[in-house]
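query_20.txt (compact mmCIF, C-alpha atoms)
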# COMPACT_ATOMS: atom_id res chain seq x y z
CA MET A 1 -43.57 -66.97 76.57
CA SER A 2 -40.89 -68.06 74.13
CA ARG A 3 -37.83 -65.98 73.31
CA VAL A 4 -38.92 -65.65 69.68
CA ASN A 5 -42.30 -64.31 70.75
CA THR A 6 -40.63 -61.84 73.12
CA LYS A 7 -38.26 -60.69 70.39
CA ASP A 8 -41.16 -60.22 67.98
CA ARG A 9 -43.10 -58.24 70.59
CA ILE A 10 -40.08 -56.01 71.19
CA MET A 11 -39.67 -55.43 67.45
CA GLN A 12 -43.36 -54.65 66.93
CA ALA A 13 -43.44 -52.28 69.91
CA ALA A 14 -40.29 -50.57 68.67
CA LEU A 15 -41.71 -50.15 65.17
CA GLU A 16 -44.86 -48.55 66.53
CA LEU A 17 -42.94 -46.25 68.89
CA PHE A 18 -40.23 -45.33 66.38
CA THR A 19 -42.94 -44.51 63.84
CA ALA A 20 -45.07 -42.47 66.23
CA GLU A 21 -42.43 -40.75 68.35
CA GLY A 22 -39.17 -41.17 66.48
CA TYR A 23 -36.14 -43.33 67.11
CA GLN A 24 -34.24 -40.82 69.21
CA LYS A 25 -37.20 -39.98 71.45
CA THR A 26 -38.00 -43.63 72.20
CA SER A 27 -36.31 -45.17 75.22
CA ILE A 28 -35.57 -48.85 75.68
CA ALA A 29 -37.68 -48.79 78.86
CA ARG A 30 -40.67 -47.50 76.85
CA ILE A 31 -40.18 -50.25 74.27
CA GLU A 32 -40.09 -52.85 77.06
CA ILE A 33 -43.31 -51.50 78.59
CA GLU A 34 -45.09 -51.47 75.21
CA ALA A 35 -43.88 -55.03 74.58
CA GLY A 36 -45.37 -56.13 77.90
CA LEU A 37 -42.02 -56.57 79.62
CA VAL A 38 -40.77 -55.32 82.96
CA PRO A 39 -38.53 -52.33 82.22
CA ARG A 40 -34.85 -52.67 83.02
CA ALA A 41 -35.20 -56.36 83.93
CA GLY A 42 -32.86 -57.48 81.13
CA ALA A 43 -35.31 -59.06 78.66
CA PHE A 44 -34.47 -56.49 75.99
CA TYR A 45 -30.75 -57.24 76.17
CA ARG A 46 -31.31 -60.98 75.80
CA HIS A 47 -32.45 -60.21 72.25
CA PHE A 48 -30.65 -57.00 71.24
CA ASP A 49 -27.25 -55.49 72.09
CA SER A 50 -28.57 -51.94 71.80
CA LYS A 51 -31.39 -49.78 70.52
CA GLN A 52 -29.36 -49.32 67.32
CA THR A 53 -29.21 -53.10 66.80
CA LEU A 54 -32.96 -53.22 67.31
CA LEU A 55 -33.49 -50.44 64.75
CA VAL A 56 -31.41 -52.31 62.17
CA GLU A 57 -33.47 -55.47 62.66
CA VAL A 58 -36.75 -53.53 62.58
CA ALA A 59 -35.68 -51.78 59.37
CA LYS A 60 -34.75 -55.10 57.74
CA ALA A 61 -37.95 -56.81 58.85
CA TYR A 62 -40.56 -54.11 58.30
CA VAL A 63 -39.27 -51.18 56.29
CA SER A 64 -36.87 -52.39 53.60
CA GLU A 65 -37.62 -54.52 50.57
CA THR A 66 -35.87 -57.68 49.42
CA PRO A 67 -35.18 -59.08 45.95
CA GLU A 68 -37.49 -61.98 46.85
CA GLU A 69 -40.38 -59.61 47.64
CA PHE A 70 -39.80 -57.93 44.30
CA GLY A 71 -39.71 -61.28 42.49
CA LEU A 72 -36.43 -60.37 40.81
CA GLU A 73 -35.46 -64.03 40.37
CA ARG A 74 -38.66 -64.57 38.34
CA LEU A 75 -38.33 -61.58 35.98
CA ALA A 76 -37.23 -63.76 33.08
CA ASP A 77 -40.68 -65.39 33.19
CA TYR A 78 -42.12 -62.20 31.68
CA GLY A 79 -40.25 -62.88 28.46
CA ASP A 80 -39.31 -59.32 27.52
CA THR A 81 -37.43 -56.44 29.03
CA ARG A 82 -40.29 -53.96 28.85
CA ALA A 83 -42.59 -56.25 30.87
CA GLU A 84 -39.78 -56.85 33.36
CA LEU A 85 -39.31 -53.09 33.79
CA VAL A 86 -43.03 -52.57 34.33
CA ALA A 87 -43.00 -55.34 36.96
CA ILE A 88 -40.04 -53.70 38.74
CA ALA A 89 -41.67 -50.27 38.57
CA LEU A 90 -44.94 -51.56 40.01
CA LYS A 91 -43.10 -53.31 42.84
CA TYR A 92 -41.26 -50.07 43.68
CA GLU A 93 -44.56 -48.22 43.64
CA GLU A 94 -46.12 -50.85 45.90
CA ALA A 95 -43.11 -50.66 48.25
CA MET A 96 -43.28 -46.87 48.48
CA ASN A 97 -46.98 -47.05 49.29
CA ARG A 98 -46.30 -49.69 51.93
CA GLN A 99 -43.54 -47.54 53.42
CA LYS A 100 -45.66 -44.36 53.64
CA PRO A 101 -46.44 -44.85 57.35
CA TYR A 102 -42.70 -45.07 58.00
CA ALA A 103 -41.68 -41.98 56.00
CA ARG A 104 -40.75 -39.95 59.07
CA LEU A 105 -38.78 -42.84 60.55
CA ILE A 106 -36.97 -43.44 57.25
CA GLU A 107 -35.99 -39.77 57.10
CA GLU A 108 -34.81 -39.83 60.71
CA ILE A 109 -32.68 -42.92 60.02
CA ARG A 110 -30.98 -41.13 57.12
CA LEU A 111 -29.92 -38.34 59.50
CA LEU A 112 -28.43 -40.65 62.16
CA ASP A 113 -24.66 -41.13 62.41
CA PHE A 114 -25.03 -44.70 61.22
CA GLY A 115 -27.89 -43.95 58.79
CA ALA A 116 -25.83 -44.00 55.61
CA ASP A 117 -24.24 -47.32 56.53
CA LEU A 118 -27.64 -48.80 57.35
CA GLN A 119 -29.08 -47.51 54.06
CA ASP A 120 -26.14 -49.08 52.18
CA GLU A 121 -26.68 -52.37 53.99
CA LEU A 122 -30.40 -52.39 53.23
CA ASN A 123 -29.81 -51.51 49.57
CA ALA A 124 -27.02 -54.06 49.06
CA ASP A 125 -29.26 -57.12 48.59
CA MET A 126 -31.53 -55.26 46.23
CA MET A 127 -28.57 -54.09 44.14
CA VAL A 128 -27.29 -57.68 43.94
CA GLY A 129 -30.70 -58.79 42.69
CA LEU A 130 -30.99 -55.97 40.17
CA ASP A 131 -27.41 -56.58 39.03
CA ALA A 132 -28.20 -60.25 38.38
CA TRP A 133 -31.18 -59.15 36.28
CA ILE A 134 -29.43 -56.44 34.27
CA LYS A 135 -26.35 -58.59 33.67
CA GLY A 136 -28.38 -60.60 31.16
CA LYS A 137 -29.29 -57.58 29.04
CA PRO A 138 -27.32 -56.92 25.83
CA ALA A 139 -26.50 -53.33 26.89
CA ALA A 140 -24.79 -54.66 30.04
CA LYS A 141 -22.55 -57.16 28.26
CA GLY A 142 -18.91 -56.52 29.06
CA LEU A 143 -19.68 -53.96 31.77
CA SER A 144 -17.99 -54.18 35.15
CA ARG A 145 -20.10 -54.59 38.27
CA LYS A 146 -19.66 -50.86 39.02
CA GLN A 147 -20.78 -49.95 35.52
CA ARG A 148 -23.80 -52.26 35.81
CA SER A 149 -24.66 -50.66 39.17
CA ALA A 150 -24.54 -47.24 37.52
CA LEU A 151 -26.78 -48.55 34.75
CA VAL A 152 -29.28 -49.95 37.28
CA ILE A 153 -29.35 -46.62 39.10
CA SER A 154 -29.88 -44.78 35.81
CA VAL A 155 -32.70 -47.10 34.77
CA ILE A 156 -34.54 -47.25 38.07
CA GLY A 157 -33.72 -43.67 39.11
CA GLY A 158 -36.18 -42.02 36.74
CA TRP A 159 -39.09 -44.05 38.01
CA LEU A 160 -38.05 -43.53 41.64
CA PHE A 161 -37.89 -39.78 41.01
CA TYR A 162 -41.45 -39.85 39.71
CA LEU A 163 -42.59 -41.88 42.74
CA SER A 164 -40.86 -39.51 45.16
CA MET A 165 -42.60 -36.54 43.53
CA VAL A 166 -45.97 -38.24 43.87
CA ARG A 167 -45.16 -39.20 47.47
CA GLN A 168 -44.39 -35.57 48.31
CA GLY A 169 -47.65 -34.47 46.76
CA ALA A 170 -45.79 -32.24 44.31
CA ALA A 171 -46.87 -34.11 41.24
CA ALA A 172 -50.68 -34.13 41.17
CA ALA A 173 -50.66 -33.28 37.45
CA ILE A 174 -47.93 -35.85 36.80
CA ASP A 175 -49.89 -38.50 38.73
CA ALA A 176 -52.69 -38.20 36.17
CA LEU A 177 -50.15 -39.18 33.51
CA ARG A 178 -48.84 -42.18 35.48
CA ASP A 179 -49.71 -44.88 32.95
CA THR A 180 -48.30 -42.86 30.06
CA LEU A 181 -45.12 -42.12 32.01
CA LEU A 182 -44.73 -45.77 32.97
CA ASP A 183 -45.25 -46.87 29.38
CA GLU A 184 -42.76 -44.32 28.00
CA TRP A 185 -40.17 -45.07 30.69
CA ALA A 186 -40.40 -48.85 30.24
CA THR A 187 -40.43 -48.68 26.45
CA ARG A 188 -37.41 -46.35 26.20
CA TRP A 189 -35.29 -48.24 28.74
CA ALA A 190 -36.23 -51.61 27.22
CA SER A 191 -35.00 -50.44 23.82
CA ILE A 192 -31.75 -49.24 25.40
CA LEU A 193 -31.19 -52.38 27.48
CA ASP A 194 -32.00 -54.71 24.58
CA SER A 195 -29.44 -52.99 22.34
CA ALA A 196 -25.86 -54.20 22.21
CA PRO A 197 -23.29 -51.60 23.32
What's the C-alpha cells form of this structure?
Amino acid sequence: MSRVNTKDRIMQAALELFTAEGYQKTSIARIEIEAGLVPRAGAFYRHFDSKQTLLVEVAKAYVSETPEEFGLERLADYGDTRAELVAIALKYEEAMNRQKPYARLIEEIRLLDFGADLQDELNADMMVGLDAWIKGKPAAKGLSRKQRSALVISVIGGWLFYLSMVRQGAAAAIDALRDTLLDEWATRWASILDSAP
C-alpha cells in the first residue's frame, strides 16, 4: 500500500480511538493495530514524529474548520453585511453540529499542555479570514489588526455563546427562538458594522 494510504489509515484510526477512548488513553501500538499495521514495526514513525504530531494533523484534518470551508472569500457575493453575518452564523452552527462527535476529544485537547497552542494554531487561519472580511466594513476602517480581531470576537462571540448553550442542552427554550435570535443578532451587528466609527 502507498505511504499516503498508510498515513490516512493511521489518521482515521487515531481519530476513532481518540474520540472513543481519549487521546491520553490511546497508545501508538493500538493506533497501528487499528490501522492494520504491525505494532512497533516503524510504520507509524515514517509518517509522524510523535502521537502529539499525529493529534495536530488529525485536528487540522477532521476537527477544525477553515476559511475555505466557511466560504469567507465569497461573503461579498451576498451583497450586504446582514446576509454575510447570517451565512457566517449558519456555517458556525453547521461546524458545531459536525464537531459534536468530537466534543470530548476537543475538551481533552484544551486540557493538554500543548492544547492552548494547538487551539491558537487552529484558530489562526480562521481569524485571518474573518479579519479580511471585517476589514472592509465601515466600522473597522482605521482599526489596527488587534482592534479588528477584538471586533470579530465581539461580533461572532454572541452567536457562539448561543450555540454553546444549545450544545450543552441548557438552552431548550432559547433554541425555540433560534430564528428570532439569529435575525436580531445579524440585524444589530450589521447596523453597527455598516456605520462609520
Which one of A:Arg40, A:Arg104, A:Arg74, A:Arg178 sits closest to Trp133 (chain A) if you count all atoms listed in the file?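 Nearest candidate to Trp133 (chain A) out of A:Arg40, A:Arg104, A:Arg74, A:Arg178: A:Arg74.
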Counting all atoms listed in the file, the option among A:Ala116, A:Ala14, A:Met126, A:Leu182 closest to Leu163 (chain A):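 Closest residue, counting all atoms listed in the file: A:Leu182.
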Please compute the CA of Tyr92 (chain A)-CA of Phe70 (chain A) distance, one decimal, in Å.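 Computed distance, CA of Tyr92 (chain A) to CA of Phe70 (chain A), equals 8.0 Å.
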Selection: 12 Å around Gln12 (chain A), all atoms listed in the file, excl. self and same-chain fewer than 5 positions, as a list in words: Asn5, Thr6, Lys7, Leu17, Phe18, Thr19, Ile31, Glu32, Glu34, Ala35, Gly36, Leu54, Leu55, Glu57, Val58, Ala59, Ala61, Tyr62 and Val63 of chain A
Spatial neighbours of Arg148 (chain A), max dist 9 Å, all atoms listed in the file, sep filter under 5 positions, as a CSV table (one decimal) with C-alpha atoms, in the coordinates of the input:
chain,number,residue,atom,x,y,z
A,131,ASP,CA,-27.4,-56.6,39.0
A,134,ILE,CA,-29.4,-56.4,34.3
A,135,LYS,CA,-26.4,-58.6,33.7
A,140,ALA,CA,-24.8,-54.7,30.0
A,143,LEU,CA,-19.7,-54.0,31.8
A,153,ILE,CA,-29.4,-46.6,39.1
What's the 12 Å shell around Gln119 (chain A), counting all atoms listed in the file, without same-chain residues fewer than 4 positions away, as a ChimeraX atom specification? /A:55-56,59-60,63-65,106-115,123-127
Between CA of Asp183 (chain A) and CA of Ile156 (chain A), what is the distance in Å, rounded to a tenth? 13.8 Å
From CA of Asp80 (chain A) to CA of Pro197 (chain A) the spacing works out at 18.3 Å
Region 60-136 of chain A dumped to file, C-alpha atoms, as a tab-separated table (two decimals), in the first residue's frame:
chain	number	residue	atom	x	y	z
A	60	LYS	CA	-6.47	20.05	11.36
A	61	ALA	CA	-7.92	17.46	9.01
A	62	TYR	CA	-11.07	16.38	10.82
A	63	VAL	CA	-11.97	18.64	13.72
A	64	SER	CA	-11.14	22.25	12.87
A	65	GLU	CA	-12.73	24.47	10.26
A	66	THR	CA	-11.03	26.52	7.57
A	67	PRO	CA	-11.93	29.86	5.98
A	68	GLU	CA	-12.44	27.98	2.71
A	69	GLU	CA	-15.00	25.64	4.30
A	70	PHE	CA	-16.81	28.68	5.64
A	71	GLY	CA	-16.73	30.39	2.24
A	72	LEU	CA	-15.27	33.54	3.78
A	73	GLU	CA	-13.68	34.60	0.49
A	74	ARG	CA	-17.15	34.58	-1.14
A	75	LEU	CA	-19.01	36.60	1.51
A	76	ALA	CA	-19.05	39.73	-0.63
A	77	ASP	CA	-21.26	37.82	-3.10
A	78	TYR	CA	-24.13	38.17	-0.62
A	79	GLY	CA	-24.17	41.92	-1.17
A	80	ASP	CA	-24.95	43.06	2.36
A	81	THR	CA	-23.49	42.69	5.81
A	82	ARG	CA	-26.58	41.17	7.39
A	83	ALA	CA	-26.67	38.33	4.84
A	84	GLU	CA	-22.94	37.80	5.33
A	85	LEU	CA	-23.43	37.54	9.09
A	86	VAL	CA	-26.25	35.03	8.67
A	87	ALA	CA	-24.02	32.97	6.36
A	88	ILE	CA	-21.19	33.02	8.93
A	89	ALA	CA	-23.58	32.13	11.76
A	90	LEU	CA	-25.03	29.20	9.83
A	91	LYS	CA	-21.56	27.90	9.00
A	92	TYR	CA	-20.59	28.06	12.69
A	93	GLU	CA	-23.77	26.21	13.57
A	94	GLU	CA	-23.04	23.59	10.92
A	95	ALA	CA	-19.46	23.25	12.20
A	96	MET	CA	-20.57	22.80	15.80
A	97	ASN	CA	-23.03	20.11	14.75
A	98	ARG	CA	-20.31	18.39	12.73
A	99	GLN	CA	-17.95	18.55	15.71
A	100	LYS	CA	-20.45	17.07	18.21
A	101	PRO	CA	-18.95	13.56	17.99
A	102	TYR	CA	-15.57	15.07	18.86
A	103	ALA	CA	-16.72	17.17	21.83
A	104	ARG	CA	-14.93	15.01	24.40
A	105	LEU	CA	-11.74	14.97	22.35
A	106	ILE	CA	-11.88	18.75	21.85
A	107	GLU	CA	-12.25	19.25	25.60
A	108	GLU	CA	-9.37	16.87	26.31
A	109	ILE	CA	-7.15	18.75	23.84
A	110	ARG	CA	-7.86	22.02	25.64
A	111	LEU	CA	-6.56	20.49	28.88
A	112	LEU	CA	-3.29	19.17	27.41
A	113	ASP	CA	-0.03	21.03	27.99
A	114	PHE	CA	0.09	21.99	24.32
A	115	GLY	CA	-3.69	22.43	23.98
A	116	ALA	CA	-3.74	26.22	24.09
A	117	ASP	CA	-1.02	26.45	21.45
A	118	LEU	CA	-2.86	23.98	19.23
A	119	GLN	CA	-6.13	25.90	19.67
A	120	ASP	CA	-4.34	29.14	18.72
A	121	GLU	CA	-2.84	27.48	15.66
A	122	LEU	CA	-6.20	26.09	14.56
A	123	ASN	CA	-7.93	29.43	15.09
A	124	ALA	CA	-5.25	31.49	13.34
A	125	ASP	CA	-6.39	30.80	9.76
A	126	MET	CA	-9.99	31.45	10.65
A	127	MET	CA	-9.09	34.77	12.29
A	128	VAL	CA	-7.13	35.79	9.17
A	129	GLY	CA	-10.18	35.02	7.05
A	130	LEU	CA	-12.57	36.85	9.36
A	131	ASP	CA	-10.16	39.79	9.59
A	132	ALA	CA	-10.07	40.06	5.79
A	133	TRP	CA	-13.87	40.15	5.79
A	134	ILE	CA	-14.34	42.66	8.60
A	135	LYS	CA	-11.59	44.94	7.28
A	136	GLY	CA	-13.96	46.03	4.51
